[in-house]
>>> print(open('target13.cif').read())   # mmCIF, C-alpha atoms
data_structure
#
loop_
_atom_site.label_atom_id
_atom_site.label_comp_id
_atom_site.auth_asym_id
_atom_site.auth_seq_id
_atom_site.Cartn_x
_atom_site.Cartn_y
_atom_site.Cartn_z
CA MET A 12 10.92 -30.40 19.16
CA ASN A 13 13.02 -27.39 20.13
CA LYS A 14 15.95 -29.67 20.97
CA ILE A 15 16.11 -30.82 17.36
CA LYS A 16 15.74 -27.33 15.94
CA GLU A 17 18.36 -25.89 18.30
CA GLY A 18 20.77 -28.73 17.60
CA LEU A 19 20.47 -28.28 13.84
CA SER A 20 20.74 -24.53 14.20
CA ARG A 21 24.00 -24.93 16.15
CA VAL A 22 25.41 -27.28 13.51
CA LEU A 23 24.65 -24.81 10.75
CA GLU A 24 26.21 -21.99 12.73
CA GLU A 25 29.35 -23.96 13.47
CA ALA A 26 29.92 -25.10 9.92
CA PRO A 27 32.90 -23.34 8.31
CA SER A 28 31.91 -20.94 5.59
CA VAL A 29 33.22 -19.72 2.27
CA SER A 30 35.40 -16.61 2.44
CA VAL A 31 33.55 -13.65 1.01
CA GLU A 32 36.84 -11.83 0.33
CA GLU A 33 37.94 -14.59 -2.01
CA LEU A 34 34.58 -14.54 -3.76
CA LYS A 35 34.89 -10.79 -4.22
CA ILE A 36 38.30 -10.91 -5.87
CA ALA A 37 37.61 -13.99 -7.99
CA ASP A 38 37.73 -13.37 -11.73
CA VAL A 39 34.17 -13.59 -13.02
CA LYS A 40 33.00 -13.29 -16.59
CA LYS A 41 29.62 -11.67 -17.04
CA MET A 42 27.10 -13.89 -18.78
CA GLU A 43 25.45 -12.58 -21.93
CA GLN A 44 22.27 -14.52 -21.33
CA ASP A 45 20.84 -16.93 -18.77
CA ASP A 46 21.86 -20.56 -18.95
CA TYR A 47 19.98 -23.55 -17.50
CA ILE A 48 21.50 -22.80 -14.09
CA THR A 49 20.49 -19.15 -13.74
CA ARG A 50 17.23 -19.25 -15.67
CA GLN A 51 14.46 -17.68 -13.59
CA GLU A 52 11.38 -19.80 -13.25
CA GLU A 53 8.26 -18.31 -14.74
CA GLU A 54 5.11 -18.34 -12.67
CA THR A 55 3.01 -21.46 -13.10
CA GLY A 56 -0.24 -21.20 -15.06
CA SER A 57 -2.52 -21.62 -12.06
CA TYR A 58 -0.58 -19.04 -10.04
CA ARG A 59 -0.68 -16.60 -12.94
CA ARG A 60 -4.42 -17.22 -13.32
CA TRP A 61 -4.95 -16.74 -9.60
CA ARG A 62 -3.06 -13.45 -9.75
CA LYS A 63 -5.20 -12.33 -12.70
CA TYR A 64 -8.40 -13.04 -10.73
CA ALA A 65 -6.98 -11.33 -7.65
CA ALA A 66 -5.99 -8.28 -9.70
CA ALA A 67 -9.45 -8.19 -11.29
CA ALA A 68 -11.11 -8.43 -7.87
CA VAL A 69 -8.91 -5.65 -6.46
CA SER A 70 -9.63 -3.46 -9.50
CA PHE A 71 -13.36 -4.08 -9.11
CA CYS A 72 -13.23 -3.14 -5.40
CA LEU A 73 -11.22 -0.02 -6.23
CA CYS A 74 -13.73 0.98 -8.90
CA CYS A 75 -16.58 0.50 -6.39
CA VAL A 76 -14.77 2.59 -3.76
CA MET A 77 -14.01 5.30 -6.32
CA PHE A 78 -17.58 5.25 -7.65
CA PHE A 79 -19.14 5.53 -4.20
CA SER A 80 -16.65 8.14 -2.98
CA PHE A 81 -17.35 10.16 -6.16
CA GLN A 82 -21.09 9.81 -5.60
CA PHE A 83 -20.61 10.85 -1.98
CA SER A 84 -18.48 13.86 -2.94
CA GLN A 85 -21.15 14.95 -5.43
CA ARG A 86 -23.99 14.71 -2.89
CA VAL A 87 -25.48 18.10 -2.07
CA ASP A 88 -25.22 18.85 1.62
CA THR A 89 -25.79 22.61 1.71
CA ILE A 90 -27.36 25.20 -0.61
CA ILE A 91 -26.40 28.87 -0.43
CA ASP A 92 -28.34 31.56 -2.23
CA PHE A 93 -26.31 34.71 -2.77
CA ASP A 94 -28.39 37.74 -3.76
CA ILE A 95 -27.24 41.27 -4.61
CA ASN A 96 -28.98 41.93 -7.78
CA PRO A 97 -27.21 39.16 -9.49
CA SER A 98 -28.66 36.04 -7.82
CA ILE A 99 -26.53 32.96 -7.63
CA GLU A 100 -27.14 29.55 -6.10
CA ILE A 101 -24.19 27.55 -4.76
CA GLU A 102 -24.35 23.83 -3.88
CA LEU A 103 -21.80 22.38 -1.45
CA ASN A 104 -20.87 18.83 -0.47
CA LYS A 105 -20.20 17.67 3.10
CA LYS A 106 -16.66 19.06 2.97
CA ASN A 107 -17.92 22.51 1.95
CA LYS A 108 -16.53 22.13 -1.55
CA VAL A 109 -18.56 23.68 -4.34
CA ILE A 110 -20.06 21.05 -6.61
CA ARG A 111 -22.47 23.23 -8.61
CA MET A 112 -23.28 26.93 -9.18
CA GLU A 113 -26.16 28.44 -11.06
CA GLY A 114 -27.05 31.96 -12.05
CA ILE A 115 -30.70 32.46 -11.10
CA ASN A 116 -31.09 35.52 -13.33
CA ALA A 117 -29.24 36.91 -16.34
CA GLU A 118 -26.89 39.03 -14.16
CA GLY A 119 -26.02 35.96 -12.09
CA LYS A 120 -25.24 33.96 -15.22
CA GLY A 121 -22.97 36.78 -16.36
CA ILE A 122 -20.99 36.63 -13.12
CA LEU A 123 -20.47 32.86 -13.36
CA LYS A 124 -19.02 33.00 -16.87
CA ASN A 125 -15.53 33.66 -15.57
CA ILE A 126 -15.57 31.56 -12.42
CA ASP A 127 -13.97 28.13 -12.11
CA TYR A 128 -15.60 26.63 -9.03
CA LYS A 129 -15.59 22.80 -9.35
CA ASN A 130 -14.50 21.13 -6.09
CA LYS A 131 -13.08 24.38 -4.72
CA ASP A 132 -13.50 25.59 -1.19
CA VAL A 133 -16.64 27.70 -0.69
CA ASP A 134 -14.70 30.64 0.82
CA SER A 135 -12.34 30.94 -2.13
CA VAL A 136 -15.24 30.67 -4.60
CA ILE A 137 -17.19 33.40 -2.79
CA HIS A 138 -14.10 35.64 -2.81
CA ARG A 139 -13.75 35.03 -6.53
CA MET A 140 -17.44 35.78 -7.03
CA LEU A 141 -17.17 39.04 -5.03
CA ASP A 142 -14.17 40.09 -7.17
CA GLU A 143 -16.25 39.51 -10.28
CA MET A 144 -19.18 41.49 -8.84
CA ILE A 145 -16.83 44.34 -7.96
CA SER A 146 -15.27 44.35 -11.42
CA GLN A 147 -18.70 44.30 -13.10
CA GLY A 148 -19.86 47.20 -10.88
CA TYR A 149 -22.52 45.43 -8.81
CA LEU A 150 -20.55 46.21 -5.64
CA THR A 151 -18.76 49.55 -5.42
CA GLY A 152 -17.16 51.76 -2.81
CA GLU A 153 -19.09 54.71 -4.26
CA LYS A 154 -22.49 53.36 -3.16
CA LEU A 155 -23.31 54.31 0.37
CA GLU A 156 -24.94 50.96 0.92
CA ASN A 157 -24.58 47.68 -0.93
CA ASN A 158 -27.12 45.03 0.05
CA ILE A 159 -26.30 41.38 0.18
CA LEU A 160 -28.64 38.54 1.13
CA LEU A 161 -27.06 35.27 2.23
CA SER A 162 -29.50 32.36 2.59
CA VAL A 163 -28.39 28.92 3.79
CA GLU A 164 -30.28 25.66 3.47
CA HIS A 165 -29.00 22.72 5.53
CA GLU A 166 -30.74 19.77 7.18
CA ASN A 167 -29.00 20.51 10.47
CA ARG A 168 -30.16 23.78 11.98
CA GLU A 169 -26.96 24.33 13.99
CA GLU A 170 -24.70 23.70 11.03
CA ALA A 171 -26.80 26.06 8.91
CA GLU A 172 -26.44 28.78 11.53
CA GLU A 173 -22.72 28.20 11.86
CA LEU A 174 -22.25 28.51 8.10
CA GLN A 175 -24.46 31.63 7.98
CA ILE A 176 -22.32 33.35 10.62
CA ARG A 177 -19.06 32.24 9.07
CA LEU A 178 -19.97 33.37 5.55
CA HIS A 179 -21.48 36.63 6.81
CA SER A 180 -18.25 37.46 8.58
CA ALA A 181 -16.04 36.32 5.68
CA VAL A 182 -17.95 38.39 3.10
CA GLY A 183 -18.01 41.46 5.39
CA LYS A 184 -14.28 41.25 6.06
CA TYR A 185 -13.41 40.74 2.40
CA LEU A 186 -15.43 43.81 1.32
CA GLU A 187 -14.18 45.93 4.21
CA GLU A 188 -10.61 45.28 3.10
CA ARG A 189 -11.64 46.73 -0.27
CA GLN A 190 -13.30 49.78 1.33
CA ILE A 191 -16.78 48.64 0.31
CA VAL A 192 -19.61 49.20 2.77
CA ALA A 193 -22.22 46.47 2.64
CA ASN A 194 -25.38 45.66 4.52
CA ILE A 195 -25.38 41.87 4.80
CA THR A 196 -28.52 40.00 5.81
CA ASP A 197 -28.24 36.30 6.53
CA GLN A 198 -31.07 33.86 6.96
CA LYS A 199 -31.91 30.19 7.01
CA MET A 200 -34.07 28.80 4.22
CA VAL A 201 -35.95 25.52 4.16
CA LYS A 202 -36.00 22.94 1.40
CA ASN A 203 -39.42 23.10 -0.22
CA LYS A 204 -40.20 21.95 -3.74
CA LYS A 205 -43.39 24.00 -3.98
CA GLU A 206 -41.64 27.19 -2.89
CA ARG A 207 -38.78 26.51 -5.29
CA LYS A 208 -41.27 26.31 -8.18
CA ILE A 209 -42.78 29.65 -7.18
CA ALA A 210 -39.27 31.20 -7.04
CA GLU A 211 -38.52 29.82 -10.51
CA LYS A 212 -41.78 31.27 -11.79
CA TYR A 213 -40.78 34.78 -10.66
CA ASP A 214 -37.14 34.37 -11.70
CA ILE A 215 -35.88 34.91 -8.15
CA SER A 216 -33.86 32.78 -5.77
CA LEU A 217 -35.40 30.66 -3.03
CA GLY A 218 -33.46 32.89 -0.62
CA LYS A 219 -35.18 36.01 -1.94
CA LEU A 220 -38.59 34.27 -1.80
CA THR A 221 -37.89 33.33 1.84
CA LEU A 222 -37.28 37.00 2.58
CA ILE A 223 -40.46 37.97 0.71
CA ARG A 224 -42.46 35.45 2.78
CA LYS A 225 -41.16 37.11 5.96
CA ILE A 226 -42.35 40.53 4.69
CA MET A 227 -45.73 39.10 3.67
CA LYS A 228 -46.26 37.89 7.25
CA GLU A 229 -45.98 41.52 8.38
CA HIS A 230 -47.86 43.02 5.38
CA GLU A 231 -50.76 40.75 4.63
CA ASN A 232 -51.95 42.83 1.67
CA LEU A 233 -48.72 42.29 -0.31
CA THR A 234 -48.21 39.37 -2.70
CA VAL A 235 -45.16 37.57 -4.11
CA HIS A 236 -46.00 39.15 -7.43
CA ASP A 237 -45.82 42.65 -5.88
CA LEU A 238 -42.60 42.05 -3.99
CA SER A 239 -40.60 39.96 -6.48
CA SER A 240 -39.89 43.00 -8.66
CA LEU A 241 -38.47 45.04 -5.75
CA SER A 242 -34.74 45.41 -5.25
CA LEU A 243 -33.00 43.78 -2.32
CA LYS A 244 -32.49 47.17 -0.71
CA GLU A 245 -36.23 47.88 -0.89
CA LEU A 246 -37.14 44.46 0.51
CA VAL A 247 -34.73 44.81 3.45
CA SER A 248 -36.11 48.31 4.19
CA LEU A 249 -39.69 46.97 4.13
CA LEU A 250 -38.79 44.20 6.54
CA ASN A 251 -36.96 46.56 8.87
CA GLU A 252 -39.87 49.01 8.74
CA SER A 253 -42.37 46.42 9.78
CA ARG A 254 -40.19 45.31 12.68
CA GLU A 255 -39.62 48.79 14.04
CA MET B 25 39.12 -20.76 0.18
CA TYR B 26 37.51 -21.62 3.50
CA HIS B 27 37.82 -20.13 6.88
CA GLY B 28 36.54 -21.03 10.29
CA PHE B 29 33.46 -20.48 12.34
CA GLU B 30 31.59 -17.19 12.01
CA THR B 31 28.81 -15.97 14.24
CA TYR B 32 25.62 -15.98 12.28
CA ASP B 33 23.03 -13.23 12.62
CA LYS B 34 19.63 -14.84 13.17
CA LYS B 35 17.49 -12.12 11.78
CA LYS B 36 14.68 -12.73 9.31
CA ILE B 37 16.07 -12.65 5.78
CA LYS B 38 14.91 -9.62 3.84
CA ILE B 39 16.62 -9.29 0.51
CA ASP B 40 16.39 -6.04 -1.38
CA GLU B 41 16.09 -7.03 -5.04
CA GLY B 42 17.99 -3.87 -5.94
CA LEU B 43 21.10 -5.65 -4.63
CA PHE B 44 21.26 -7.74 -7.81
CA GLU B 45 21.31 -4.67 -10.02
CA ARG B 46 24.15 -3.25 -7.94
CA ILE B 47 26.03 -6.55 -8.02
CA GLY B 48 25.55 -6.55 -11.79
CA CYS B 49 27.44 -3.23 -11.80
CA ASP B 50 30.26 -4.84 -9.79
CA ASP B 51 29.28 -3.20 -6.51
CA MET B 52 31.18 -5.41 -4.07
CA ALA B 53 29.53 -3.84 -1.03
CA ALA B 54 26.18 -5.05 -2.39
CA PHE B 55 27.66 -8.49 -3.02
CA GLU B 56 28.96 -8.68 0.54
CA GLU B 57 25.57 -7.57 1.86
CA LEU B 58 23.85 -10.36 -0.07
CA TYR B 59 26.45 -12.85 1.11
CA VAL B 60 26.05 -11.90 4.77
CA LEU B 61 22.27 -12.12 4.44
CA THR B 62 22.04 -15.46 2.65
CA GLU B 63 25.23 -17.53 2.91
CA ARG B 64 24.05 -19.71 5.81
CA THR B 65 20.68 -20.26 4.20
CA ILE B 66 22.28 -21.32 0.93
CA TYR B 67 24.61 -23.57 2.89
CA ALA B 68 21.67 -25.26 4.66
CA TYR B 69 19.81 -25.62 1.36
CA VAL B 70 22.74 -27.16 -0.49
CA LEU B 71 23.67 -29.42 2.42
CA SER B 72 20.13 -30.79 2.38
CA ILE B 73 20.73 -31.86 -1.24
CA VAL B 74 24.34 -33.07 -1.36
CA ARG B 75 24.69 -34.01 2.35
CA HIS B 76 28.48 -33.57 2.32
CA HIS B 77 30.08 -30.55 3.96
CA GLN B 78 33.03 -30.10 1.58
CA ASP B 79 30.84 -30.51 -1.50
CA THR B 80 28.38 -28.07 0.01
CA LEU B 81 31.08 -25.43 0.49
CA ASP B 82 32.18 -25.85 -3.14
CA ILE B 83 28.61 -25.44 -4.40
CA VAL B 84 27.89 -22.45 -2.14
CA SER B 85 31.04 -20.84 -3.49
CA GLU B 86 30.03 -21.60 -7.10
CA THR B 87 26.52 -20.27 -6.40
CA PHE B 88 27.79 -16.88 -5.27
CA LEU B 89 30.21 -16.65 -8.19
CA LYS B 90 27.36 -17.52 -10.55
CA ILE B 91 25.29 -14.76 -8.96
CA ARG B 92 28.11 -12.32 -9.61
CA SER B 93 28.21 -13.31 -13.27
CA ALA B 94 24.43 -13.31 -13.81
CA ALA B 95 23.14 -10.62 -11.44
CA HIS B 96 22.67 -8.15 -14.31
CA LEU B 97 20.28 -10.63 -15.95
CA TYR B 98 18.07 -10.93 -12.84
CA ARG B 99 14.47 -9.86 -13.38
CA PRO B 100 12.79 -8.70 -10.15
CA MET B 101 9.80 -10.97 -9.48
CA GLY B 102 9.58 -10.60 -5.70
CA LYS B 103 11.34 -13.92 -5.04
CA PRO B 104 15.09 -13.29 -4.88
CA LEU B 105 15.81 -16.22 -2.60
CA ALA B 106 13.96 -18.56 -4.96
CA TRP B 107 16.34 -17.53 -7.75
CA MET B 108 19.35 -18.15 -5.53
CA PHE B 109 17.94 -21.56 -4.59
CA THR B 110 17.41 -22.37 -8.30
CA ILE B 111 21.08 -21.63 -9.02
CA ALA B 112 22.26 -23.58 -5.97
CA ARG B 113 20.03 -26.54 -6.79
CA ASN B 114 21.07 -26.70 -10.44
CA LEU B 115 24.72 -26.58 -9.42
CA ALA B 116 24.16 -29.21 -6.73
CA MET B 117 22.37 -31.55 -9.15
CA SER B 118 25.11 -31.09 -11.71
CA HIS B 119 27.66 -31.86 -9.00
CA LEU B 120 25.82 -35.02 -7.90
CA ARG B 121 25.61 -36.20 -11.49
CA SER B 122 29.32 -35.71 -12.00
CA GLN B 123 30.14 -37.46 -8.69
CA ASP B 124 27.75 -40.31 -9.44
CA ARG B 125 26.19 -39.82 -6.02
CA PHE B 126 22.64 -39.53 -7.23
CA HIS B 127 21.46 -42.84 -5.92
CA LYS B 128 24.10 -43.44 -3.33
CA ASP B 129 22.33 -43.21 0.02
CA GLU B 130 25.04 -44.78 2.07
CA PHE B 131 27.02 -42.55 4.41
CA SER B 132 29.77 -44.40 6.26
CA GLU B 133 30.45 -43.65 9.93
CA LEU B 134 34.02 -42.66 9.15
CA GLU B 135 32.99 -40.43 6.30
CA PHE B 136 30.44 -38.68 8.49
CA GLU B 137 32.85 -38.13 11.39
CA ASP B 138 35.45 -36.75 9.00
CA GLU B 139 33.06 -34.43 7.19
CA PHE B 140 31.41 -33.00 10.28
CA CYS B 141 34.30 -32.86 12.72
CA PHE B 142 33.46 -29.20 13.39
CA VAL B 143 30.24 -30.13 15.24
CA SER B 144 31.22 -29.78 18.89
CA ARG B 145 28.32 -31.52 20.65
CA THR B 146 27.72 -35.25 20.39
CA GLU B 147 23.99 -34.70 20.66
CA ASP B 148 24.02 -32.27 17.74
CA ARG B 149 26.07 -34.67 15.65
CA MET B 150 23.47 -37.34 16.33
CA ILE B 151 20.65 -35.08 15.17
CA LEU B 152 22.57 -34.12 12.03
CA LYS B 153 23.31 -37.73 11.21
CA ILE B 154 19.63 -38.67 11.45
CA VAL B 155 18.69 -35.70 9.30
CA LEU B 156 21.26 -36.57 6.63
CA THR B 157 20.72 -40.30 6.56
CA LYS B 158 17.11 -40.96 7.48
CA LEU B 159 15.14 -38.12 5.93
CA THR B 160 14.16 -37.56 2.33
CA GLU B 161 15.65 -34.61 0.46
CA GLU B 162 12.43 -32.61 0.77
CA GLU B 163 12.19 -33.30 4.51
CA ARG B 164 15.82 -32.27 4.97
CA ARG B 165 15.27 -29.01 3.08
CA ILE B 166 12.27 -28.03 5.19
CA VAL B 167 13.80 -28.76 8.62
CA MET B 168 17.20 -27.29 7.76
CA LEU B 169 15.84 -24.11 6.27
CA HIS B 170 13.61 -23.65 9.29
CA ALA B 171 16.53 -24.23 11.64
CA VAL B 172 18.76 -21.73 9.90
CA SER B 173 18.48 -17.94 10.09
CA GLY B 174 14.97 -17.82 11.50
CA MET B 175 13.33 -18.59 8.15
CA LYS B 176 9.60 -18.70 8.65
CA HIS B 177 7.45 -21.43 7.12
CA ARG B 178 5.79 -18.84 4.89
CA GLN B 179 9.18 -17.71 3.58
CA ILE B 180 10.28 -21.31 3.00
CA ALA B 181 7.06 -22.06 1.12
CA LYS B 182 7.58 -19.01 -1.10
CA ALA B 183 11.23 -19.76 -1.79
CA LEU B 184 10.60 -23.44 -2.53
CA GLY B 185 7.43 -22.74 -4.54
CA MET B 186 5.36 -24.99 -2.26
CA PRO B 187 1.96 -24.36 -0.63
CA LEU B 188 2.29 -23.16 2.97
CA SER B 189 0.01 -25.93 4.24
CA THR B 190 2.30 -28.57 2.66
CA VAL B 191 5.40 -27.05 4.26
CA LEU B 192 3.69 -26.92 7.67
CA SER B 193 2.39 -30.48 7.61
CA LYS B 194 5.67 -31.86 6.25
CA TYR B 195 7.61 -29.99 8.93
CA LYS B 196 5.44 -31.43 11.71
CA ARG B 197 5.63 -34.95 10.32
CA THR B 198 9.39 -34.72 9.85
CA LEU B 199 9.94 -33.53 13.41
CA LYS B 200 7.91 -36.49 14.72
CA LYS B 201 9.93 -38.83 12.55
CA LEU B 202 13.15 -37.29 13.86
CA GLN B 203 12.00 -37.63 17.46
CA GLY B 204 11.26 -41.28 16.89
CA TYR B 205 14.75 -41.92 15.48
CA LEU B 206 16.36 -39.91 18.25
CA ALA B 207 14.56 -41.89 20.97
CA GLU B 208 15.61 -45.10 19.25
CA MET B 209 19.26 -44.04 19.09
CA GLU B 210 19.27 -42.87 22.69
CA VAL B 211 17.94 -46.27 23.83
CA MET B 212 20.58 -48.02 21.77
CA GLY B 213 23.24 -45.72 23.19
CA ARG B 214 22.34 -46.69 26.74
#
>>> encode(input="target13.cif", output="structure tokens")
Amino acid sequence: MNKIKEGLSRVLEEAPSVSVEELKIADVKKMEQDDYITRQEEETGSYRRWRKYAAAAVSFCLCCVMFFSFQFSQRVDTIIDFDINPSIEIELNKKNKVIRMEGINAEGKGILKNIDYKNKDVDSVIHRMLDEMISQGYLTGEKLENNILLSVEHENREEAEELQIRLHSAVGKYLEERQIVANITDQKMVKNKKERKIAEKYDISLGKLTLIRKIMKEHENLTVHDLSSLSLKELVSLLNESRE
Amino acid sequence: MYHGFETYDKKKIKIDEGLFERIGCDDMAAFEELYVLTERTIYAYVLSIVRHHQDTLDIVSETFLKIRSAAHLYRPMGKPLAWMFTIARNLAMSHLRSQDRFHKDEFSELEFEDEFCFVSRTEDRMILKIVLTKLTEEERRIVMLHAVSGMKHRQIAKALGMPLSTVLSKYKRTLKKLQGYLAEMEVMGR
């Protein structure tokens, strides 16, 4: 087989060719429109149909991929409750991008008015949120002690802890740079529908309720009703007292 | 118009369709690039239709001049070689009509020797003669295009507008046919 192919190949190589230089200098008149010799063949009907189906199939697959990747990007992976007095809940996807924020109380809602958070990195959103809290006077350098409660809910205990530490350090550093002293408490909170309903009833965050539950373990006579009206500073002092 | 043997680069043909736009603006470097890339392939294609070397050279020459005059009208459709083949084929058919060679299958020994005197090896001349006299036009096109410039079956199928499976099966069948003729001629030669 190769003998035939090689033989033919040699013949075609040996054949004299047309001089390109002569073709280049030849006088050529530009055509105004195609004639029967240069007319480009249109695609046949079946080929065109096949391409239409292929394009439709590709578009459908792309839509599916986009739909599922959008769904995936909007899936809540982590919840952070940020309490000062304004209480704010932040929902993150797997890539730690903010997909939703909610003011738990009126002060929290007031902070969120000026924040654009959609699909932004959690660190930058928290910085923006701290700026807003500083400008609205919830965090000041004049107070001897600003209290912040950071509560993280994540299925994976290690990842929750990692995020707690990272955010704790990031918030502390950001405020320190602005000469603001803050007492930051971080904790892990657990997903619990019943507890969430109780928090909603008292207009507090699940993070704050988690802290209240810790105090109640130490002070059996106290109730959620008693503690929910206390400030964060008072709650942290109560907890510290009971542990001393 | 013609000059002698040139070494031919056996790389896979990849034509940038932007070359036609440049040729349309009289860019001679682009024209030369297209020529270097495709001249042997066009030669093989035209030879498979007209079967005569001198006629083939004339048509190849006309094909490239036609490309120069119509390159600005080219619409990119992903098949530049197919367009070049269309031009070459239309010119070849027009030539055959004018020469009244459409149905003339005969190829005299003298005519063949005269036309293909540049083929140095006897064995190669024998193969060429079988290809030009015993195969159908479609069979000639497929084996010659495959032999020249490393054109792959897939590329041939695309350029000729044929299904790949057809090109593959025809190529296999044609090679078997050629082998049969070659064996026959070798026996007769002894």
>>> interface_residues(input="target13.cif", of="chain B", to="chain A", cutoff="8 Å", atoms="only C-alpha atoms", output="ChimeraX atom specification")
/B:25-32,52,55-56,59,63-64,67-68,81,84-85,88-90,92-94,97-99,107,110-111,114-115,142-143,147-149,151-152,167-168,170-172,199,202-203
>>> resolve_selection(input="target13.cif", expression="the PyMOL selection byres ((chain A and resi 167-175) around 10)", output="ChimeraX atom specification")
/A:88-91,107,161-166,176-181,196-201
>>> residues_around(input="target13.cif", residues="Ile83 (chain B)", least_positions_apart="4", cutoff="7 Å", atoms="all atoms listed in the file", output="list in words")
Asp79, Thr87, Ala112, Leu115 and Ala116 of chain B
>>> write_last_selection(input="target13.cif", atoms="C-alpha atoms", output="mmCIF file, in the frame of the given file")
data_model
loop_
_atom_site.group_PDB
_atom_site.id
_atom_site.type_symbol
_atom_site.label_atom_id
_atom_site.label_comp_id
_atom_site.auth_asym_id
_atom_site.auth_seq_id
_atom_site.Cartn_x
_atom_site.Cartn_y
_atom_site.Cartn_z
ATOM 1 C CA ASP B 79 30.840 -30.510 -1.500
ATOM 2 C CA THR B 87 26.520 -20.270 -6.400
ATOM 3 C CA ALA B 112 22.260 -23.580 -5.970
ATOM 4 C CA LEU B 115 24.720 -26.580 -9.420
ATOM 5 C CA ALA B 116 24.160 -29.210 -6.730
#
>>> closest_residue(input="target13.cif", among="B:Glu133, B:Asp50, B:Asp138, B:Glu163", to="Lys201 (chain B)", atoms="all atoms listed in the file")
B:Glu163
>>> residues_around(input="target13.cif", residues="region 130-140 of chain A", least_positions_apart="6", cutoff="12 Å", atoms="all atoms listed in the file", output="PyMOL selection string")
chain A and resi 81+84-86+89-95+97-112+114+119-124+146-147+149-150+161+174+177-186+188-189
>>> atom_distance(input="target13.cif", atom1="CA of Asp142 (chain A)", atom2="CA of Leu246 (chain A)")
24.6 Å
>>> atom_distance(input="target13.cif", atom1="CA of Glu45 (chain B)", atom2="CA of Pro100 (chain B)")
9.4 Å
>>> atom_distance(input="target13.cif", atom1="CA of Leu206 (chain B)", atom2="CA of Val155 (chain B)")
10.2 Å
>>> closest_residue(input="target13.cif", among="B:Ala95, B:Thr80, B:Met175, B:Ala53", to="Met117 (chain B)", atoms="all atoms listed in the file")
B:Thr80
>>> residues_near_point(input="target13.cif", point="(-21.7, 45.9, -1.3)", cutoff="7 Å", atoms="all atoms listed in the file", output="compact mmCIF listing (two decimals) with C-alpha atoms, in the frame of the given file")
# COMPACT_ATOMS: atom_id res chain seq x y z
CA LEU A 150 -20.55 46.21 -5.64
CA THR A 151 -18.76 49.55 -5.42
CA GLU A 156 -24.94 50.96 0.92
CA ASN A 157 -24.58 47.68 -0.93
CA ASN A 158 -27.12 45.03 0.05
CA ILE A 159 -26.30 41.38 0.18
CA ILE A 191 -16.78 48.64 0.31
CA VAL A 192 -19.61 49.20 2.77
CA ALA A 193 -22.22 46.47 2.64
CA ASN A 194 -25.38 45.66 4.52
>>> resolve_selection(input="target13.cif", expression="the PyMOL selection byres ((chain A and resi 226) around 9)", output="list in words")
Thr221, Leu222, Ile223, Arg224, Lys225, Met227, Lys228, Glu229, His230, Glu231, Leu233, Leu238, Leu246, Val247, Leu249, Leu250 and Ser253 of chain A
>>> residues_around(input="target13.cif", residues="Ile37 (chain B)", least_positions_apart="2", cutoff="12 Å", atoms="only C-alpha atoms", output="PyMOL selection string")
chain B and resi 33-35+39-40+57-66+103-105+169-170+172-176+179-180+183
>>> closest_residue(input="target13.cif", among="B:Ser144, B:Ser122, B:Gln78, B:Ser72", to="Glu162 (chain B)", atoms="only C-alpha atoms")
B:Ser72
